[in-house]
Each structure stands twice: as C-alpha cells, then as structure tokens.
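Scroll down for the structure; my scribbles are underneath it.
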Amino acid sequence: MTRVNCRVVALMLLLGPAVARPLSAETLDERKVRCTSRQMRDLLEQGLRLSPTLASLVDRIERSDVIVYLKLGSTRPGTYGSTQLIGASVFARIVMVTIKSLAPSPDLLDRLGHELQHVVEIAEASDVRDAETLRALLRRIGWMPGADRWETDAAVAQGRRVRIESTRRTGLAAPRQAGGCP
Ligand SMILES: [Zn+2]
C-alpha cells in the first residue's frame, strides 16, 4: 500500500501589491529555482551532481514561468515535504517547497526530487494559477490519499529515481523498497 507523506496545497492566490510586485529585469534574469539557506543550496548542488533526474527537473522549471523557493524546515506530522502554490501574477507563479530537515541525505534528495516533480506538474500546466485550478489539475493527474493531501505517480517515481541515482554514485545506502514514498 502506498504511503503518502506529502501534500500539495494552494494556499491562496494573491494578486495584490504584497505579492504581485512588478518584477525588474534583474529579477527576471535570476534563476527560477532558489534556495533559502546555505544548507538547502548545498543539498541542491549535491543532488545536481549525483542525479541526472534531479538536474532534468530543475532544467524544466528554469524554462517555465514558475519561481520556486526551496527550504528545509518542519512539515505537517506524518509528512516529509510539501509543495505550495502561494501566488501568481502576470509575470510569474510562485511556489514554495518545504523539505523536512531532520532526515538523512538520501531521504532528503529523494524528497527533493519528489517535490520538484510536483513543481514541474504545476509549471507545465499554465492554467494552474490558484487553489481551484490546482485542485482541478490534481484531480486529473493524481489521487487524494487523505484530507488536504494529494499524490501523483510521477512524483513517487521521480523521488525513487533520484534516490537510486544518488545512492548508486555514493554507495551510502541501498535504495528503499519499492513500496511508496519514503
Ligand atoms: Zn507527493
């Protein structure tokens, strides 16, 4: 039975000045995948070195209108990550990914790949701009294992690929059993 630990939540669509500030040319030139801490940056760079799958996900996001902020932090009990659509403007859609920080490296990279696949799902669905349209997307491509929780096969698969690639190259740990999300 698949155990699902993540949630994809559209918090709110904010078109007001607090979020939808005009973006300068300099801002538009910045990378779309942004880390909120040195630790997160180190994890992302490690993943990019070890996992072609993770690199491909980042590349797909970089070619989209989604800006994603990656942070390590606490997540809801029983979950290891979350992807939240927090705003949209005519310039960009803003997504926040939180990875549960208290986990060994292979789990963090697995979860990062998993959540970045969710970001790609949003990025490649241009109609997703608020909670309602995100739920409509998830009804098409995923399933709802619990209240306020969604999952997709692609995210589970991408997380596993990232884990296999990263552990194969480092030899630090064997891949998890093929029984669901870590
Ligand atoms: Zn998920």
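In the structure tokens, the first chain shown is A, the next is B, and so on; residue numbers restart at 1 for each chain, and ligands run from 1 in the order shown.
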
Show me, as a JSON list (two decimals) with C-alpha atoms, in the first residue's frame, the residues that have an atom within 12 Å of Asp59 (chain A) when counting only C-alpha atoms, minus same-chain residues fewer than 5 positions from it.
```
[["chain", "number", "residue", "atom", "x", "y", "z"],
["A", 31, "ARG", "CA", 17.36, 31.52, -11.61],
["A", 32, "LYS", "CA", 13.88, 30.14, -11.09],
["A", 33, "VAL", "CA", 14.96, 27.57, -8.51],
["A", 48, "LEU", "CA", 22.58, 18.09, -9.20],
["A", 52, "PRO", "CA", 20.56, 13.44, -13.79],
["A", 53, "THR", "CA", 16.87, 13.13, -12.97],
["A", 54, "LEU", "CA", 17.09, 15.97, -10.46],
["A", 64, "SER", "CA", 8.95, 27.83, -17.06],
["A", 66, "VAL", "CA", 7.40, 29.28, -12.04],
["A", 116, "LEU", "CA", 10.38, 19.15, -7.68],
["A", 117, "GLN", "CA", 8.27, 16.80, -9.80],
["A", 119, "VAL", "CA", 6.63, 21.80, -9.14],
["A", 120, "VAL", "CA", 7.09, 20.61, -12.73],
["A", 123, "ALA", "CA", 4.94, 24.61, -14.15]]
```

- What does the distance between CA of Ile122 (chain A) and CA of Gly47 (chain A) come to in Å, to one decimal place?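 If I compute the distance from CA of Ile122 (chain A) to CA of Gly47 (chain A), I get 21.1 Å.
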
- Message: So, with only C-alpha atoms as the atoms that count, which of A:Met40, A:Leu137, A:Ala155, A:Ile94 lies closest to Val68 (chain A)?
- Response: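 Ranked by minimum distance to Val68 (chain A), first place goes to A:Ile94.
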
- Name the residues of region 16-157 of chain A that come out as strand (DSSP E or B) in a backbone DSSP run; write them as a PyMOL selection string. chain A and resi 33-35+66-73+81-88+93-100+142-146+149-152

- Query: In Å to one decimal, how far is CA of Ala88 (chain A) from CA of Ile141 (chain A)?
  - Reply: 21.3 Å

- Message: Env of Thr152 (chain A): 9 Å cut, atoms = only C-alpha atoms, seq-sep filter 3 positions within chain, self excluded. Answer as a list of chain:residue names.
- Response: A:His118, A:Leu138, A:Ile141, A:Gly142, A:Trp143, A:Met144, A:Ala155, A:Val156, A:Ala157

Same residues, C-alpha atoms, saved as a short mmCIF file (atom, residue, chain, number, x, y, z; two decimals), in the first residue's frame:
```
data_model
loop_
_atom_site.label_atom_id
_atom_site.label_comp_id
_atom_site.auth_asym_id
_atom_site.auth_seq_id
_atom_site.Cartn_x
_atom_site.Cartn_y
_atom_site.Cartn_z
CA HIS A 118 5.21 18.40 -8.22
CA LEU A 138 -4.50 17.13 -9.26
CA ILE A 141 -3.22 13.52 -12.67
CA GLY A 142 -3.27 12.33 -9.08
CA TRP A 143 -5.24 10.97 -6.22
CA MET A 144 -6.22 12.12 -2.76
CA ALA A 155 6.32 12.31 -8.07
CA VAL A 156 6.70 8.95 -6.35
CA ALA A 157 8.63 7.61 -9.35
#
```

- Query: Mind pulling up the distance from CA of Asp65 (chain A) to CA of Asp127 (chain A)?
  - Reply: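 Going from CA of Asp127 (chain A) over to CA of Asp65 (chain A), I get 11.7 Å.
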
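When only C-alpha atoms are used to measure the gap to Thr79 (chain A), the shortest distance among A:Gly146, A:Glu132, A:Ile61, A:Arg93 belongs to A:Gly146.
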
- Which one of A:Arg49, A:Ala147, A:Glu115, A:Ala55 sits closest to Lys71 (chain A) if you count only C-alpha atoms?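 That would be A:Glu115, the residue with the smallest distance to Lys71 (chain A).
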
- Minimum-distance residue to Gly159 (chain A), chosen among A:Leu85, A:Leu57, A:Ala125, A:Leu72 (using only C-alpha atoms):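 Comparing A:Leu85, A:Leu57, A:Ala125, A:Leu72 against Gly159 (chain A), the winner is A:Leu57.
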
- Task: Counting only C-alpha atoms and all ligand atoms, figure out which residue out of A:Ser51, A:Thr83, A:Gln39, A:Ser126 gets nearest to ligand 1.
- Result: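 Closest candidate: A:Thr83.
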
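Here the question is which of A:Arg169, A:Arg161, A:Arg129, A:His114 gets nearest to ligand 1 using only C-alpha atoms and all ligand atoms, and that residue is A:His114.
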